[in-house]
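Okay, target-v3.csv is below, CSV, C-alpha atoms and all ligand atoms:
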chain,number,residue,atom,x,y,z
A,157,MET,CA,62.3,143.3,113.0
A,158,GLY,CA,58.7,144.1,113.5
A,159,PHE,CA,55.8,143.9,111.1
A,160,LEU,CA,55.2,147.5,110.1
A,161,GLY,CA,58.2,147.7,107.8
A,162,THR,CA,60.3,150.0,110.0
A,163,GLU,CA,63.4,149.2,112.1
A,164,ALA,CA,61.2,148.6,115.2
A,165,ASN,CA,60.9,145.2,116.8
A,166,GLN,CA,57.6,143.5,117.2
A,167,PHE,CA,57.0,144.8,120.7
A,168,ALA,CA,57.3,148.4,119.6
A,169,ASP,CA,55.0,147.7,116.7
A,170,ILE,CA,52.4,146.0,118.9
A,171,THR,CA,52.7,148.9,121.3
A,172,LEU,CA,52.1,151.4,118.5
A,173,ILE,CA,49.0,149.5,117.3
A,174,ALA,CA,47.7,149.0,120.9
A,175,GLN,CA,48.1,152.7,121.6
A,176,ALA,CA,46.4,153.7,118.3
A,177,ALA,CA,43.5,151.4,119.1
A,178,GLY,CA,43.3,152.7,122.7
A,179,TYR,CA,43.2,156.3,121.5
A,180,LEU,CA,40.5,155.5,118.9
A,181,LEU,CA,38.5,153.9,121.7
A,182,LEU,CA,39.0,157.0,123.8
A,183,ILE,CA,37.6,159.2,121.0
A,184,LEU,CA,34.7,156.8,120.6
A,185,GLY,CA,34.2,157.0,124.3
A,186,VAL,CA,33.9,160.8,124.1
A,187,VAL,CA,31.4,160.5,121.3
A,188,PHE,CA,29.2,158.2,123.5
A,189,ALA,CA,29.6,160.6,126.4
A,190,LYS,CA,28.3,163.4,124.2
A,191,LYS,CA,25.3,161.2,123.3
A,192,SER,CA,24.8,160.7,127.1
A,193,ASN,CA,25.4,156.9,126.6
A,194,LEU,CA,27.4,156.5,129.8
A,195,LYS,CA,27.4,152.7,129.8
A,196,GLN,CA,29.3,152.6,126.5
A,197,HIS,CA,31.4,155.6,127.5
A,198,ILE,CA,32.6,153.7,130.6
A,199,ARG,CA,33.2,150.4,128.8
A,200,LEU,CA,35.2,152.0,126.0
A,201,THR,CA,37.4,154.2,128.2
A,202,GLN,CA,38.1,151.2,130.5
A,203,PHE,CA,39.2,149.3,127.5
A,204,ALA,CA,41.4,152.2,126.4
A,205,VAL,CA,43.1,152.3,129.8
A,206,MET,CA,43.6,148.6,129.7
A,207,LEU,CA,45.4,148.9,126.3
A,208,GLY,CA,47.5,151.7,127.8
A,209,LEU,CA,48.5,149.5,130.7
A,210,ILE,CA,49.5,146.6,128.3
A,211,SER,CA,51.5,149.1,126.3
A,212,PHE,CA,53.2,150.4,129.4
A,213,LEU,CA,54.9,146.9,129.8
A,214,TRP,CA,57.0,147.5,126.7
A,215,MET,CA,57.5,151.2,127.2
A,216,SER,CA,58.7,150.9,130.8
A,217,TYR,CA,60.9,147.9,129.9
A,218,SER,CA,62.4,149.8,127.0
A,219,LEU,CA,63.0,152.8,129.2
A,220,LEU,CA,64.4,151.0,132.3
A,221,LEU,CA,66.8,148.8,130.3
A,222,GLY,CA,67.9,151.8,128.3
A,223,TYR,CA,67.1,149.8,125.2
A,224,GLN,CA,67.4,153.0,123.0
A,225,SER,CA,69.3,155.2,125.4
A,226,PHE,CA,66.5,157.6,124.6
A,227,LEU,CA,67.0,160.3,127.1
A,228,PHE,CA,70.4,160.9,125.5
A,229,SER,CA,69.5,160.3,121.9
A,230,LEU,CA,66.1,162.0,121.8
A,231,GLY,CA,66.3,164.4,124.7
A,232,LEU,CA,63.4,166.7,125.4
A,233,PRO,CA,60.7,165.0,123.3
A,234,ALA,CA,61.3,161.7,125.2
A,235,VAL,CA,61.3,163.5,128.5
A,236,ILE,CA,58.0,165.3,127.6
A,237,HIS,CA,56.5,162.0,126.4
A,238,ILE,CA,57.3,160.2,129.6
A,239,VAL,CA,56.2,163.0,132.0
A,240,ILE,CA,52.9,163.6,130.1
A,241,GLY,CA,52.4,159.8,129.6
A,242,ILE,CA,52.8,159.1,133.3
A,243,LEU,CA,50.2,161.9,134.1
A,244,ALA,CA,47.8,160.7,131.4
A,245,LEU,CA,48.0,157.0,132.2
A,246,SER,CA,47.9,157.3,136.0
A,247,SER,CA,44.9,159.7,135.9
A,248,GLY,CA,43.1,157.3,133.4
A,249,ILE,CA,43.7,154.5,136.0
A,250,LEU,CA,42.4,156.6,138.8
A,251,PHE,CA,39.2,157.4,136.8
A,252,VAL,CA,38.7,153.7,136.2
A,253,LEU,CA,39.2,152.8,139.8
A,254,ASN,CA,37.1,155.8,140.8
A,255,LYS,CA,39.7,157.1,143.2
A,256,PHE,CA,41.2,160.5,144.1
A,257,ILE,CA,40.0,162.4,140.9
A,258,LYS,CA,36.5,163.6,140.6
A,259,LYS,CA,34.8,162.6,137.3
A,260,THR,CA,33.9,166.2,136.3
A,261,ARG,CA,33.8,167.3,132.7
A,262,THR,CA,36.8,169.6,133.2
A,263,ASN,CA,38.9,166.8,134.7
A,264,MET,CA,37.9,164.4,131.9
A,265,ARG,CA,38.7,166.9,129.2
A,266,THR,CA,42.1,167.6,130.8
A,267,VAL,CA,42.9,163.9,130.9
A,268,PHE,CA,41.8,163.5,127.3
A,269,LEU,CA,44.1,166.4,126.3
A,270,LEU,CA,47.0,164.9,128.2
A,271,TRP,CA,46.4,161.5,126.5
A,272,THR,CA,46.2,163.2,123.1
A,273,PHE,CA,49.6,164.9,123.8
A,274,ALA,CA,51.2,161.7,125.1
A,275,TRP,CA,49.9,159.8,122.0
A,276,THR,CA,51.2,162.5,119.6
A,277,MET,CA,54.6,162.5,121.3
A,278,GLY,CA,54.7,158.7,121.3
A,279,VAL,CA,54.2,158.7,117.5
A,280,ILE,CA,57.0,161.2,117.1
A,281,LEU,CA,59.2,159.0,119.3
A,282,TYR,CA,58.4,155.9,117.2
A,283,TYR,CA,59.1,157.9,114.0
A,284,SER,CA,62.4,159.3,115.3
A,285,LEU,CA,63.6,155.9,116.6
A,286,TYR,CA,62.6,153.5,113.9
A,287,TYR,CA,61.6,155.2,110.6
A,288,ASN,CA,64.8,155.2,108.8
A,289,ILE,CA,63.9,154.4,105.2
A,301,LIG,C1,48.6,157.5,127.8
A,301,LIG,C2,49.9,157.4,127.9
A,301,LIG,C3,50.8,157.0,126.8
A,301,LIG,C4,50.6,157.0,125.4
A,301,LIG,C5,49.3,157.2,124.7
A,301,LIG,C6,51.9,156.5,124.9
A,301,LIG,C7,52.1,156.3,123.5
A,301,LIG,C8,53.2,155.8,123.0
A,301,LIG,C9,53.4,155.4,121.6
A,301,LIG,C10,52.3,155.4,120.5
A,301,LIG,C11,54.7,155.0,121.4
A,301,LIG,C12,55.4,154.5,120.1
A,301,LIG,C13,55.4,152.9,120.1
A,301,LIG,C14,56.7,152.4,120.6
A,301,LIG,O1,57.8,152.8,120.2
A,301,LIG,O2,56.7,151.5,121.5
A,301,LIG,C15,55.4,155.1,122.7
A,301,LIG,C16,56.7,154.8,123.0
A,301,LIG,C17,57.3,155.0,124.2
A,301,LIG,N1,56.7,155.4,125.4
A,301,LIG,FE1,54.8,155.9,125.6
A,301,LIG,N2,52.8,156.4,125.9
A,301,LIG,C18,52.2,156.6,127.1
A,301,LIG,C19,52.8,156.6,128.3
A,301,LIG,C20,54.1,156.3,128.6
A,301,LIG,C21,54.7,156.2,129.9
A,301,LIG,C22,53.9,156.4,131.2
A,301,LIG,C23,56.0,156.0,129.7
A,301,LIG,C24,57.0,155.9,130.8
A,301,LIG,C25,57.7,154.8,131.0
A,301,LIG,C26,56.3,155.9,128.3
A,301,LIG,C27,57.5,155.7,127.7
A,301,LIG,C28,57.7,155.4,126.4
A,301,LIG,C29,58.9,154.9,125.8
A,301,LIG,C30,60.2,154.7,126.6
A,301,LIG,C31,58.7,154.6,124.4
A,301,LIG,C32,59.7,154.1,123.4
A,301,LIG,C33,59.5,152.6,123.4
A,301,LIG,C34,60.4,151.9,122.4
A,301,LIG,O3,61.7,151.7,122.7
A,301,LIG,O4,60.0,151.6,121.3
A,301,LIG,N3,55.1,156.1,127.6
A,301,LIG,N4,54.5,155.6,123.6
Output the file's structure as structure tokens, nothing else.
Ligand code: HEM
Amino acid sequence: MGFLGTEANQFADITLIAQAAGYLLLILGVVFAKKSNLKQHIRLTQFAVMLGLISFLWMSYSLLLGYQSFLFSLGLPAVIHIVIGILALSSGILFVLNKFIKKTRTNMRTVFLLWTFAWTMGVILYYSLYYNI
């Protein structure tokens, strides 16, 4: 039993909080980019990616060990979350490492949209799996 009052365990709850914090940092990072404060933008987005990586520990463990047998029980929303999540997280990592993807506005906006989509689908997954009150 986790601490958010749902049927989730503490790892799922921590992941939800970490991903929420990461997404907020990403939004703050966008605000700083718009104010041309690149130093803060880089710092915040790096931190957001780090939180994404920490969360990935639980998400991949849960997926690989079939903890929820999601792909069967949740079907398409789970598949969409995983595919978009892999794209969002790996492109975020490549931005941080400064490899393979150019840091153009279009590319950053695309990754932000992917991240938004992955986050939204993650919240839907959490709700479908654990909110049974
Ligand atoms: C930026 C990328 C991502 C975001 C923002 C994100 C967000 C979230 C959120 C908020 C949850 C609900 C919390 C939870 O139940 O643990 C979740 C769950 C989950 N995500 Fe992601 N996710 C991302 C990437 C991925 C990737 C790459 C995978 C592939 C392994 C993945 C697989 C899962 C799985 C399997 C769950 C359910 C975990 C459970 O049993 O509770 N996610 N995600």
Query raised in the report: Which is closest to Val239 in chain A among A:Val205, A:Leu213, A:Ala274, A:Leu227, if we use only C-alpha atoms?
Result: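 The shortest atom-to-atom distance to Val239 in chain A comes from A:Ala274.
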Query raised in the report: CA of Thr272 in chain A and CA of Leu230 in chain A are how many Å apart?
Result: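 Distance reported for this atom pair: 20.0 Å.
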Hey, what's within 6 Å of Ala204 in chain A if we count only C-alpha atoms and toss same-chain stuff fewer than 6 positions away? As a CSV table (one decimal) with C-alpha atoms, in the frame of the given file, please?
chain,number,residue,atom,x,y,z
A,178,GLY,CA,43.3,152.7,122.7
A,181,LEU,CA,38.5,153.9,121.7
A,182,LEU,CA,39.0,157.0,123.8
**Report entry** Exercise: residues within 12 Å of coordinate (44.4, 148.4, 130.5), counting only C-alpha atoms, as an NGL selection string
**Finding:** :A and (174-175 or 177-178 or 181 or 199-213 or 245-246 or 248-250 or 252-253)
Requested in this report: With a distance cut-off of 9 Å and only C-alpha atoms, select the neighbouring residues of Phe268 in chain A, excluding the residue or stretch itself and same-chain residues fewer than 2 positions from it, and output the selection as a ChimeraX atom specification.
Outcome: /A:182-183,186,244,248,263-266,270-273
Query raised in the report: So how many Å separate atom C7 of ligand LIG 301 (chain A) and CA of Ala168 in chain A, to one decimal?
Result: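 Taking atom C7 of ligand LIG 301 (chain A) and CA of Ala168 in chain A, their separation equals 10.2 Å.
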Do you know which residues are within 7 Å of ligand LIG 301 (chain A) using all atoms listed in the file? Can you write them as a PDB file with C-alpha atoms, in the frame of the given file?
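Printed below is part.pdb as written:
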ATOM      1  CA  ALA A 164      61.200 148.600 115.200  1.00  0.00           C
ATOM      2  CA  PHE A 167      57.000 144.800 120.700  1.00  0.00           C
ATOM      3  CA  ALA A 168      57.300 148.400 119.600  1.00  0.00           C
ATOM      4  CA  ASP A 169      55.000 147.700 116.700  1.00  0.00           C
ATOM      5  CA  THR A 171      52.700 148.900 121.300  1.00  0.00           C
ATOM      6  CA  LEU A 172      52.100 151.400 118.500  1.00  0.00           C
ATOM      7  CA  GLN A 175      48.100 152.700 121.600  1.00  0.00           C
ATOM      8  CA  ALA A 176      46.400 153.700 118.300  1.00  0.00           C
ATOM      9  CA  TYR A 179      43.200 156.300 121.500  1.00  0.00           C
ATOM     10  CA  GLY A 208      47.500 151.700 127.800  1.00  0.00           C
ATOM     11  CA  PHE A 212      53.200 150.400 129.400  1.00  0.00           C
ATOM     12  CA  TRP A 214      57.000 147.500 126.700  1.00  0.00           C
ATOM     13  CA  MET A 215      57.500 151.200 127.200  1.00  0.00           C
ATOM     14  CA  SER A 216      58.700 150.900 130.800  1.00  0.00           C
ATOM     15  CA  SER A 218      62.400 149.800 127.000  1.00  0.00           C
ATOM     16  CA  LEU A 219      63.000 152.800 129.200  1.00  0.00           C
ATOM     17  CA  TYR A 223      67.100 149.800 125.200  1.00  0.00           C
ATOM     18  CA  GLN A 224      67.400 153.000 123.000  1.00  0.00           C
ATOM     19  CA  HIS A 237      56.500 162.000 126.400  1.00  0.00           C
ATOM     20  CA  ILE A 238      57.300 160.200 129.600  1.00  0.00           C
ATOM     21  CA  GLY A 241      52.400 159.800 129.600  1.00  0.00           C
ATOM     22  CA  ILE A 242      52.800 159.100 133.300  1.00  0.00           C
ATOM     23  CA  ALA A 244      47.800 160.700 131.400  1.00  0.00           C
ATOM     24  CA  LEU A 245      48.000 157.000 132.200  1.00  0.00           C
ATOM     25  CA  TRP A 271      46.400 161.500 126.500  1.00  0.00           C
ATOM     26  CA  THR A 272      46.200 163.200 123.100  1.00  0.00           C
ATOM     27  CA  ALA A 274      51.200 161.700 125.100  1.00  0.00           C
ATOM     28  CA  TRP A 275      49.900 159.800 122.000  1.00  0.00           C
ATOM     29  CA  GLY A 278      54.700 158.700 121.300  1.00  0.00           C
ATOM     30  CA  VAL A 279      54.200 158.700 117.500  1.00  0.00           C
ATOM     31  CA  LEU A 281      59.200 159.000 119.300  1.00  0.00           C
ATOM     32  CA  TYR A 282      58.400 155.900 117.200  1.00  0.00           C
TER      33      TYR A 282
END
Query raised in the report: Of the candidates A:Ser284, A:Phe256, A:Arg261, A:Leu184, which shows the shortest atom-to-atom distance to Gly231 in chain A, using all atoms listed in the file?
Result: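 Among the listed residues, the smallest separation from Gly231 in chain A belongs to A:Ser284.
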Report task. Identify which of the residues A:Gly158, A:Glu163, A:Leu194, A:Ser229 lies closest to Asn288 in chain A, counting only C-alpha atoms when measuring atom-to-atom distances. Result ->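 The shortest atom-to-atom distance to Asn288 in chain A comes from A:Glu163.
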**Report entry** Coordinates-based distance that separates CA of Ile236 in chain A from CA of Tyr283 in chain A (Å, one decimal)
**Finding:**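 Calculated distance between CA of Tyr283 in chain A and CA of Ile236 in chain A is 15.5 Å.
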Query raised in the report: When distances are computed from only C-alpha atoms, which of A:Leu243, A:Leu232, A:Met157, A:Ile257 shows the smallest separation from Leu269 in chain A?
Result: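 Of the candidates, the smallest distance to Leu269 in chain A is held by A:Leu243.
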